[in-house]
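Asker: My structure is in data_17.txt, and what it holds is compact mmCIF, C-alpha atoms:
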```txt
# COMPACT_ATOMS: atom_id res chain seq x y z
CA ASN O 1 -8.56 -4.38 -44.37
CA LEU O 2 -7.58 -2.47 -41.25
CA SER O 3 -7.31 1.30 -41.56
CA LEU O 4 -3.95 2.83 -40.66
CA PRO O 5 -5.14 4.21 -37.27
CA LEU O 6 -6.63 0.84 -36.32
CA LEU O 7 -3.50 -0.96 -37.48
CA LEU O 8 -1.32 1.38 -35.41
CA GLN O 9 -3.59 0.91 -32.40
CA SER O 10 -3.38 -2.87 -32.81
CA ARG O 11 0.42 -2.71 -33.04
CA ILE O 12 0.58 -0.51 -29.94
CA GLN O 13 -1.61 -2.94 -28.00
CA MET O 14 0.62 -5.84 -29.04
CA LEU O 15 3.71 -3.92 -27.94
CA ASN O 16 2.03 -3.16 -24.62
CA MET O 17 1.32 -6.87 -24.12
CA LEU O 18 4.91 -7.79 -24.95
CA ARG O 19 6.35 -5.13 -22.65
CA ALA O 20 4.09 -6.24 -19.83
CA SER O 21 5.06 -9.89 -20.11
CA HIS O 22 7.65 -11.71 -18.07
CA PRO O 23 9.44 -9.01 -16.04
CA GLU O 24 12.17 -10.52 -13.89
CA VAL O 25 10.97 -11.14 -10.32
CA LYS O 26 13.75 -9.88 -8.07
CA PHE O 27 12.40 -10.19 -4.51
CA THR O 28 10.35 -13.03 -3.03
CA ARG O 29 11.47 -13.17 0.61
CA ILE O 30 10.38 -11.38 3.80
CA PHE O 31 11.68 -7.83 4.29
CA ILE O 32 12.76 -7.07 7.88
CA ASN O 33 15.34 -4.53 9.06
CA ASN O 34 16.13 -3.67 5.41
CA GLN O 35 17.25 -7.29 4.89
CA TRP O 36 15.69 -10.30 3.17
CA TYR O 37 14.81 -13.50 5.06
CA GLU O 38 13.20 -16.82 4.40
CA ALA O 39 10.14 -17.61 6.51
CA VAL O 40 10.97 -19.05 9.93
CA SER O 41 8.92 -22.13 8.95
CA GLY O 42 10.71 -22.43 5.63
CA LYS O 43 7.33 -22.46 3.86
CA THR O 44 6.55 -20.74 0.58
CA PHE O 45 3.38 -20.16 -1.41
CA PRO O 46 2.85 -19.64 -5.15
CA THR O 47 1.77 -16.36 -6.68
CA ILE O 48 -0.23 -16.90 -9.86
CA ASN O 49 -0.49 -15.03 -13.15
CA PRO O 50 -4.28 -14.47 -13.33
CA ALA O 51 -4.13 -14.10 -17.13
CA THR O 52 -2.82 -17.62 -17.65
CA GLY O 53 -3.24 -19.47 -14.36
CA ALA O 54 0.47 -20.30 -14.42
CA LYS O 55 2.69 -19.95 -11.38
CA ILE O 56 4.93 -16.90 -11.50
CA CYS O 57 7.17 -17.86 -8.60
CA ASP O 58 7.15 -19.00 -4.97
CA VAL O 59 7.13 -16.39 -2.20
CA ALA O 60 8.16 -16.81 1.43
CA GLU O 61 5.09 -17.59 3.53
CA GLY O 62 5.25 -15.51 6.69
CA ASP O 63 3.20 -16.41 9.76
CA LYS O 64 3.15 -15.54 13.47
CA ALA O 65 6.87 -16.19 14.01
CA ASP O 66 7.77 -13.84 11.16
CA VAL O 67 5.30 -11.18 12.35
CA ASP O 68 6.90 -11.40 15.81
CA ARG O 69 10.30 -10.86 14.23
CA ALA O 70 9.08 -7.94 12.09
CA THR O 71 7.28 -6.33 15.05
CA ALA O 72 10.40 -6.56 17.21
CA ALA O 73 12.34 -4.78 14.45
CA ALA O 74 9.67 -2.09 14.14
CA ARG O 75 9.54 -1.63 17.93
CA GLU O 76 13.34 -1.28 18.07
CA ALA O 77 13.26 1.30 15.27
CA PHE O 78 10.61 3.27 17.19
CA LYS O 79 12.57 3.45 20.45
CA LEU O 80 13.32 6.87 21.91
CA GLY O 81 16.74 7.95 20.74
CA SER O 82 16.67 5.77 17.62
CA PRO O 83 17.71 7.26 14.27
CA TRP O 84 14.06 7.35 13.16
CA ARG O 85 12.74 8.99 16.35
CA THR O 86 15.49 11.64 16.36
CA MET O 87 15.25 12.36 12.63
CA ASP O 88 14.02 15.84 11.71
CA ALA O 89 10.51 15.83 10.28
CA SER O 90 11.81 17.59 7.17
CA GLN O 91 14.22 14.70 6.63
CA ARG O 92 11.32 12.24 6.81
CA GLY O 93 9.77 14.27 4.01
CA ARG O 94 12.97 14.09 1.98
CA LEU O 95 13.06 10.31 2.39
CA LEU O 96 9.47 10.02 1.17
CA ASN O 97 10.32 12.19 -1.83
CA LYS O 98 13.38 10.03 -2.49
CA LEU O 99 11.18 6.93 -2.42
CA ALA O 100 8.84 8.63 -4.91
CA ASP O 101 11.85 9.40 -7.12
CA LEU O 102 12.93 5.75 -7.08
CA ILE O 103 9.43 4.49 -7.88
CA GLU O 104 9.30 6.99 -10.75
CA ARG O 105 12.68 5.76 -11.98
CA ASP O 106 11.43 2.16 -12.00
CA LYS O 107 7.82 2.84 -12.97
CA ASP O 108 7.95 0.86 -16.21
CA TYR O 109 9.27 -2.23 -14.44
CA LEU O 110 6.79 -1.82 -11.57
CA ALA O 111 3.89 -1.43 -14.00
CA ARG O 112 4.89 -4.65 -15.78
CA LEU O 113 5.29 -6.47 -12.47
CA GLU O 114 1.90 -5.21 -11.28
CA THR O 115 0.24 -6.38 -14.48
CA LEU O 116 1.92 -9.79 -14.26
CA ASP O 117 0.83 -10.38 -10.66
CA ASN O 118 -2.53 -8.59 -10.64
CA GLY O 119 -3.77 -9.03 -14.20
CA LYS O 120 -4.89 -5.48 -14.97
CA PRO O 121 -3.90 -3.99 -18.35
CA TYR O 122 -0.36 -2.67 -18.55
CA THR O 123 -1.59 0.76 -19.62
CA ASP O 124 -3.78 0.96 -16.49
CA SER O 125 -0.81 0.12 -14.29
CA LEU O 126 1.51 2.55 -16.05
CA THR O 127 -0.81 5.53 -16.57
CA GLY O 128 -3.08 5.14 -13.54
CA ASP O 129 -1.72 3.21 -10.58
CA LEU O 130 1.94 4.26 -10.78
CA PRO O 131 1.30 8.03 -11.13
CA GLY O 132 -1.20 7.79 -8.25
CA THR O 133 1.35 5.97 -6.12
CA ILE O 134 4.09 8.52 -6.80
CA ALA O 135 1.73 11.43 -6.14
CA CYS O 136 0.68 9.92 -2.80
CA TYR O 137 4.25 9.69 -1.52
CA ARG O 138 4.98 13.24 -2.68
CA TYR O 139 1.83 14.60 -1.05
CA PHE O 140 2.68 13.16 2.35
CA ALA O 141 6.33 14.12 1.96
CA GLY O 142 5.11 17.71 1.97
CA TRP O 143 3.09 17.17 5.15
CA ALA O 144 5.93 15.67 7.21
CA ASP O 145 7.13 18.98 8.76
CA LYS O 146 3.66 20.52 9.01
CA ILE O 147 2.19 18.27 11.71
CA HIS O 148 1.90 20.33 14.89
CA GLY O 149 -0.26 20.99 17.90
CA LYS O 150 -1.62 24.21 19.40
CA THR O 151 -0.81 26.68 22.14
CA ILE O 152 -4.04 27.18 24.10
CA PRO O 153 -4.82 30.27 26.22
CA VAL O 154 -5.85 29.29 29.77
CA ASP O 155 -6.46 31.21 32.99
CA GLY O 156 -3.61 31.53 35.46
CA PRO O 157 0.19 31.42 35.13
CA TYR O 158 0.18 28.29 33.02
CA LEU O 159 1.37 27.20 29.61
CA CYS O 160 -1.07 24.87 27.85
CA TYR O 161 -0.18 23.22 24.57
CA THR O 162 -0.86 20.09 22.56
CA ARG O 163 1.72 17.99 20.75
CA HIS O 164 1.00 15.51 17.98
CA GLU O 165 3.10 12.38 18.29
CA PRO O 166 3.31 9.17 16.23
CA VAL O 167 1.13 6.28 17.34
CA GLY O 168 3.97 3.76 17.32
CA VAL O 169 4.13 0.46 15.43
CA VAL O 170 1.38 0.26 12.81
CA GLY O 171 0.19 -3.00 11.27
CA GLN O 172 -1.10 -2.65 7.72
CA ILE O 173 -2.99 -5.19 5.60
CA ILE O 174 -3.72 -4.39 1.95
CA PRO O 175 -5.82 -6.06 -0.77
CA TRP O 176 -5.11 -7.21 -4.31
CA ASN O 177 -7.12 -4.84 -6.51
CA TYR O 178 -4.67 -1.87 -6.46
CA PRO O 179 -1.62 -3.40 -4.78
CA ILE O 180 1.10 -0.78 -5.22
CA MET O 181 -1.24 2.20 -4.92
CA LEU O 182 -2.88 0.94 -1.73
CA GLN O 183 0.57 0.22 -0.30
CA SER O 184 1.33 3.92 -0.76
CA TRP O 185 -1.96 4.94 0.85
CA LYS O 186 -0.97 2.94 3.93
CA LEU O 187 2.77 3.60 4.10
CA ALA O 188 2.97 7.27 3.17
CA PRO O 189 0.81 8.79 5.95
CA ALA O 190 2.20 6.43 8.61
CA LEU O 191 5.81 7.27 7.73
CA CYS O 192 5.03 10.96 7.31
CA ALA O 193 3.89 11.05 10.95
CA GLY O 194 6.93 9.13 12.22
CA ASN O 195 5.46 5.66 12.80
CA THR O 196 7.09 2.33 12.02
CA VAL O 197 5.27 -0.32 10.02
CA VAL O 198 4.65 -4.05 9.65
CA LEU O 199 2.83 -4.50 6.34
CA LYS O 200 1.21 -7.61 4.88
CA PRO O 201 0.44 -7.48 1.16
CA ALA O 202 -2.35 -9.57 -0.28
CA GLU O 203 -1.24 -13.15 -0.85
CA GLN O 204 -2.50 -12.88 -4.45
CA THR O 205 -0.28 -9.86 -5.26
CA PRO O 206 2.87 -9.62 -3.11
CA LEU O 207 5.47 -8.83 -5.77
CA THR O 208 5.32 -5.04 -6.17
CA ALA O 209 5.09 -4.57 -2.41
CA LEU O 210 8.32 -6.51 -1.95
CA TYR O 211 10.07 -4.59 -4.71
CA VAL O 212 9.07 -1.32 -3.03
CA GLY O 213 10.73 -2.73 0.11
CA SER O 214 14.03 -2.77 -1.80
CA LEU O 215 13.47 0.86 -2.79
CA ILE O 216 12.75 1.81 0.83
CA ALA O 217 16.17 0.47 1.78
CA GLU O 218 17.78 2.20 -1.21
CA ALA O 219 16.13 5.51 -0.28
CA GLY O 220 17.83 5.42 3.12
CA PHE O 221 15.04 4.67 5.58
CA PRO O 222 16.61 3.28 8.78
CA PRO O 223 16.38 -0.48 9.33
CA GLY O 224 13.14 -1.62 10.95
CA VAL O 225 11.06 1.39 9.93
CA VAL O 226 9.24 -0.63 7.25
CA ASN O 227 8.89 -4.41 7.39
CA ILE O 228 6.96 -6.44 4.80
CA VAL O 229 5.65 -9.93 5.60
CA PRO O 230 3.90 -11.77 2.76
CA GLY O 231 1.55 -14.52 3.85
CA TYR O 232 -2.07 -15.50 4.34
CA GLY O 233 -4.76 -13.60 6.22
CA PRO O 234 -5.66 -16.24 8.84
CA THR O 235 -1.98 -16.63 9.82
CA ALA O 236 0.17 -13.56 9.08
CA GLY O 237 -2.75 -11.12 8.99
CA ALA O 238 -4.30 -12.45 12.19
CA ALA O 239 -0.92 -12.31 13.94
CA ILE O 240 -0.59 -8.61 13.07
CA VAL O 241 -4.06 -7.80 14.38
CA ALA O 242 -3.58 -9.72 17.65
CA HIS O 243 0.00 -8.63 18.37
CA PRO O 244 0.32 -6.81 21.71
CA ASP O 245 3.27 -4.69 20.50
CA ILE O 246 1.41 -3.31 17.49
CA ASP O 247 -0.36 -0.07 18.42
CA LYS O 248 -2.68 0.33 15.45
CA VAL O 249 -3.91 -1.73 12.51
CA ALA O 250 -5.10 -0.36 9.17
CA PHE O 251 -7.00 -2.73 6.89
CA THR O 252 -8.57 -2.49 3.44
CA GLY O 253 -10.74 -5.43 2.46
CA SER O 254 -14.03 -7.16 3.15
CA THR O 255 -16.62 -6.20 5.74
CA ALA O 256 -16.58 -9.73 7.17
CA VAL O 257 -12.86 -9.55 7.89
CA GLY O 258 -13.31 -6.02 9.24
CA HIS O 259 -15.61 -7.45 11.91
CA LEU O 260 -12.94 -9.97 12.90
CA ILE O 261 -10.27 -7.27 13.08
CA MET O 262 -12.38 -5.06 15.35
CA GLU O 263 -13.07 -8.01 17.64
CA THR O 264 -9.45 -9.14 17.80
CA ALA O 265 -8.14 -5.62 18.34
CA GLY O 266 -10.49 -5.26 21.29
CA LYS O 267 -9.51 -8.60 22.79
CA SER O 268 -5.76 -7.92 22.50
CA ASN O 269 -4.44 -4.49 23.47
CA LEU O 270 -7.33 -2.25 22.36
CA LYS O 271 -5.20 -1.11 19.43
CA ARG O 272 -6.53 1.64 17.23
CA VAL O 273 -8.23 0.44 14.06
CA THR O 274 -8.78 2.03 10.66
CA LEU O 275 -10.97 0.06 8.25
CA GLU O 276 -11.74 0.68 4.59
CA LEU O 277 -14.37 -1.92 3.76
CA GLY O 278 -16.62 -2.75 0.85
CA GLY O 279 -19.33 -0.13 0.39
CA LYS O 280 -22.44 0.39 -1.69
CA SER O 281 -21.50 3.73 -3.23
CA PRO O 282 -24.49 5.28 -5.04
CA VAL O 283 -24.64 7.10 -8.35
CA ILE O 284 -27.42 9.73 -8.16
CA VAL O 285 -28.84 11.02 -11.44
CA PHE O 286 -31.02 14.11 -11.17
CA ALA O 287 -33.79 14.98 -13.61
CA ASP O 288 -31.84 17.83 -15.21
CA ALA O 289 -28.67 15.76 -15.79
CA ASP O 290 -27.13 15.09 -19.19
CA LEU O 291 -28.41 11.53 -19.56
CA ASP O 292 -25.75 10.43 -22.04
CA ALA O 293 -23.01 11.59 -19.69
CA ALA O 294 -24.83 10.09 -16.69
CA ALA O 295 -25.17 6.72 -18.42
CA GLU O 296 -21.49 6.65 -19.33
CA ALA O 297 -20.45 7.71 -15.81
CA SER O 298 -22.71 5.08 -14.23
CA VAL O 299 -21.24 2.29 -16.35
CA SER O 300 -17.62 3.33 -15.79
CA GLY O 301 -18.35 3.89 -12.09
CA VAL O 302 -19.31 0.25 -11.58
CA LEU O 303 -17.04 -1.42 -14.14
CA LEU O 304 -13.80 0.51 -13.54
CA ASN O 305 -11.01 -1.95 -12.79
CA MET O 306 -13.45 -4.74 -13.76
CA GLY O 307 -15.68 -3.65 -10.87
CA GLN O 308 -13.01 -4.62 -8.34
CA ASP O 309 -13.11 -1.27 -6.59
CA CYS O 310 -13.86 -0.32 -2.98
CA CYS O 311 -15.90 2.70 -4.09
CA ALA O 312 -17.55 1.25 -7.22
CA GLY O 313 -20.89 2.88 -8.01
CA SER O 314 -22.81 -0.29 -7.37
CA ARG O 315 -26.23 1.37 -6.96
CA THR O 316 -27.89 3.92 -9.26
CA PHE O 317 -30.69 6.22 -8.16
CA VAL O 318 -32.52 8.12 -10.89
CA GLU O 319 -34.84 11.02 -10.14
```
Before anything else, please render the file you have as structure tokens.

Answerer:
Amino acid sequence: NLSLPLLLQSRIQMLNMLRASHPEVKFTRIFINNQWYEAVSGKTFPTINPATGAKICDVAEGDKADVDRATAAAREAFKLGSPWRTMDASQRGRLLNKLADLIERDKDYLARLETLDNGKPYTDSLTGDLPGTIACYRYFAGWADKIHGKTIPVDGPYLCYTRHEPVGVVGQIIPWNYPIMLQSWKLAPALCAGNTVVLKPAEQTPLTALYVGSLIAEAGFPPGVVNIVPGYGPTAGAAIVAHPDIDKVAFTGSTAVGHLIMETAGKSNLKRVTLELGGKSPVIVFADADLDAAAEASVSGVLLNMGQDCCAGSRTFVE
């Protein structure tokens, strides 16, 4: 017979599974200029529930033509005199806080959608990824009006100063292991600094990224500031990296693809590149450590999120 605490825990787990199942999928098309579009090619691709192998839905398959369209929108939104370029930095911060408010409002739905599309436990999505996402947007909201240069003393009757300005149109490519949280890590700092964005979510997990697109429009970001193009790496992702009107690309993923991105960025317009690639993060256990705690930390360090973690402790050194 199950004890009462175990019975309650079992009931709670069953409720979690039921709550996490079958959220309504509301957005499956490409997000450009705060509007929804089918792919220029008319193609779609399936996104799969990894728990069952069943198709969740079909999503618009963006490629070069759609990236061109999204980049044109982002470039227009970044023009001098545009609503985004003339917006006060403090207002950018308010928009980021508004986006955080909307994600917090819909966090239960987003956690269920993340679990459906990504496969991680609902409690992990709700108590880990969503709070981290909200906190990221709030953190960078606070930085928006605190980005500034310096006044530098120089000899002679001169005024010398530096001014920090946005890079321009930023291409962003995110992976599938923490979809909504890594979207915030890419979007929040870029928007905080006044850039515009063309973002490609992982083809395995596009659904929460697209829903956040709807919240970006609801929050009041001007059209074209954020554009989201679902699709495959060799087509949509490669088009972002090679595009001459994209000024920077930020990528989280494999080292092999990182090599290709560096090469393509150099061959196109020498765009700036930020890469977060797979590492071999070490756990170091010193002789005077609490071995029970060290053993537990070493196991959780490599198995957190089923080991699908950019900074997993995949090596252990023991003194």

Asker: Within 12 Å of segment 302-306 of chain O, which residues of segment 151-268 of chain O show up? Give each one with its shortest atom-to-atom distance in Å (one decimal) and the two atoms involved, counting all atoms listed in the file, rows by chain then rising residue number, as CSV.

Answerer:
```
residue,atom,partner,partner_atom,distance
O:Trp176,CA,O:Asn305,CA,11.6
O:Asn177,CA,O:Asn305,CA,7.9
O:Tyr178,CA,O:Asn305,CA,9.0
```

Asker: Could you pull the residues within 12 Å of Trp185 of chain O, counting only C-alpha atoms, minus those fewer than 5 positions along the same chain, as a list of chain:residue names?

Answerer: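 Those residues are O:Asp129, O:Gly132, O:Thr133, O:Ile134, O:Ala135, O:Cys136, O:Tyr137, O:Arg138, O:Tyr139, O:Phe140, O:Gln172, O:Ile173, O:Ile174, O:Pro175, O:Tyr178, O:Pro179, O:Ile180, O:Ala190, O:Leu191, O:Cys192, O:Leu199, O:Ala250, O:Phe251, O:Thr252, O:Glu276.
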
Asker: Which one is closest to Arg69 of chain O: O:Val25, O:Ala219, O:Val198, O:Ala238? Count only C-alpha atoms.

Answerer: O:Val198

Asker: With only C-alpha atoms as the counted atoms, please give the residues lying no more than 9 Å from Leu99 of chain O, apart from itself and same-chain residues fewer than 3 positions off, as a list in words.

Answerer: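 Within the cut-off, the hits are Arg94, Leu95, Leu96, Leu102, Ile103, Glu104, Ile134, Tyr137, Arg138, Val212, Leu215, Ile216, Glu218, Ala219 and Gly220 of chain O.
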
Asker: Considering all atoms listed in the file, return as a list of chain:residue names whatever protein or nucleic-acid residues lie within 10 Å of Val170 of chain O, sequence-local ones (same chain, fewer than 3 positions apart) excluded.

Answerer: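 Everything that qualifies: O:Thr71, O:Ala74, O:Arg75, O:Pro166, O:Val167, O:Lys186, O:Leu187, O:Ala190, O:Leu191, O:Asn195, O:Thr196, O:Val197, O:Val198, O:Leu199, O:Val226, O:Ile240, O:Val241, O:Asp245, O:Ile246, O:Asp247, O:Lys248, O:Val249, O:Ala250, O:Lys271, O:Arg272, O:Val273.
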
Asker: To one decimal place in Å, what is the distance between atom CA of Pro234 of chain O and atom CA of Ala51 of chain O?

Answerer: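 Distance between the two atoms: 26.1 Å.
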
Asker: Given the choices O:Val40, O:Cys57, O:Ala188, O:Ala293, which gets closest to Lys26 of chain O if the distance is worked out from only C-alpha atoms?

Answerer: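 Of O:Val40, O:Cys57, O:Ala188, O:Ala293, the one nearest Lys26 of chain O, counting only C-alpha atoms, is O:Cys57.
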
Asker: Have a look at atom CA of Pro223 of chain O and atom CA of Ala70 of chain O and let me know their distance in Å, one decimal.

Answerer: 10.8 Å

Asker: Pick the closest to Thr44 of chain O from O:Arg29, O:His148, O:His164, O:Arg85: which is it, counting all atoms listed in the file?

Answerer: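 Smallest separation from Thr44 of chain O among the options: O:Arg29.
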
Asker: For each of O:Ala217, O:Glu114, O:Pro46, O:Pro206, take the minimum atom-to-atom distance to Leu126 of chain O, counting only C-alpha atoms, then give the residue where this is smallest.

Answerer: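 Among O:Ala217, O:Glu114, O:Pro46, O:Pro206, it is O:Glu114 that comes nearest to Leu126 of chain O.
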
Asker: So, counting only C-alpha atoms, which residue among O:Gly278, O:Gly149, O:Gly194, O:Pro230 is closest to Leu210 of chain O?

Answerer: O:Pro230

Asker: Which residue, O:Asp88, O:Gly313, O:Asp292, O:Asp117, has the smallest gap to Thr52 of chain O when you use all atoms listed in the file?

Answerer: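 Result for the nearest residue to Thr52 of chain O: O:Asp117.
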
Asker: Quick check, in Å to one decimal: how far apart do atom CA of Leu260 of chain O and atom CA of Pro201 of chain O lie?

Answerer: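 Rounded to one decimal, the two atoms are 18.0 Å apart.
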